[in-house]
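A.B. asks: Pasting a structure below so you can have a look.
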Amino acid sequence: MEMSEGVNAEEYPTEIHDYLAAFEKSLGSVDEMLKTMMSVSRSDLLQKLEPLEQAKLDLVSVYTLNSMFWVYLATQGINPKEHPVKQELERIRTYMNRVKEIADKKKASKLDKGAASRFVRNALWEPNAENEHTSKTPVKGKKRKMD
């Protein structure tokens with residue numbers, strides 16, 4: 001439905017026409033996304049995803065629904081900041097942050113303790129100047145000062 005079909009331009013201030021047009025366009029985009037998501041069965045979609053991805057999908061879905069409810073409350077003249085939906089959105093955000101932490105830990109490179117130990121050991125010892133010409137392996141010498 002376009003604004004020109006159902007609402008007379010005289011029913012609202014002309015200053016907000018652009019805002020209403022943008023809002024209507026956004027609603028159309030949301031509608032298209034929902035149709036796309038609803039075209040695939042939830043069980044088929046979840047079978048193709050790993051558990052972490054399933055959690056992300058569930059969290060995004062529930063966050064979107066609660067956000068839409070927030071907007072609905074605002075359109076009904078109810079202050080959503082004083083409604084329990086605010087606490088629900090905060091709770092969902094907490095879980096979203098937890099999932100993000102888990103995903104970040106999964107992506108983090110693993111530490112090779114042996115290689116790190118060799119790297120630090122070799123960085124602490126200076127080669128002996130006398131043996132530098134005859135040997136290519138570092139010889140234990142003075143420790144560098146660590147200030």
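Simple scheme: letters A, B, ... for chains in structure tokens order, numbers from 1 for residues in each chain, numbers from 1 for ligands in the order shown.
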Which residues are close to range 36-38 of chain A, i.e. within 12 Å by only C-alpha atoms, leaving aside same-chain residues fewer than 6 positions away? Reply as a PyMOL selection string.
C.D. replies: chain A and resi 29-30+44-45+57+61
A.B. asks: May I ask which of the residues A:Pro13, A:Glu24, A:Asp112, A:Leu52 is the closest one to Tyr95 in chain A, counting only C-alpha atoms?
C.D. replies: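 Using only C-alpha atoms, the shortest distance to Tyr95 in chain A belongs to A:Leu52.
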A.B. asks: Here is a test: counting only C-alpha atoms, which residue of A:Leu27, A:Ala74, A:Ala103, A:Leu34 is nearest to Pro51 in chain A?
C.D. replies: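 Nearest candidate to Pro51 in chain A out of A:Leu27, A:Ala74, A:Ala103, A:Leu34: A:Ala103.
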A.B. asks: Among range 7-143 of chain A, which ones does DSSP assign to alpha helix (DSSP H) (computed from the backbone)? Answer as a VMD selection string.
C.D. replies: chain A and resid 17 to 38 42 to 47 51 to 75 85 to 107 113 to 124
A.B. asks: Quick one: residues within 8 Å of Tyr63 in chain A, only C-alpha atoms, excluding same-chain residues fewer than 5 positions away - as a PyMOL selection string?
C.D. replies: chain A and resi 89+92-93
A.B. asks: Provide the CA of Lys100 in chain A to CA of Ala116 in chain A distance in Å, to one decimal place.
C.D. replies: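 Taking CA of Lys100 in chain A and CA of Ala116 in chain A, their separation equals 27.4 Å.
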A.B. asks: Quick one: distance from CA of Val99 in chain A to CA of Lys56 in chain A in Å, one decimal?
C.D. replies: 7.2 Å
A.B. asks: Between CA of Ser67 in chain A and CA of Val85 in chain A, what distance in Å does the model show, to one decimal?
C.D. replies: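 If I compute the distance from CA of Ser67 in chain A to CA of Val85 in chain A, I get 8.4 Å.
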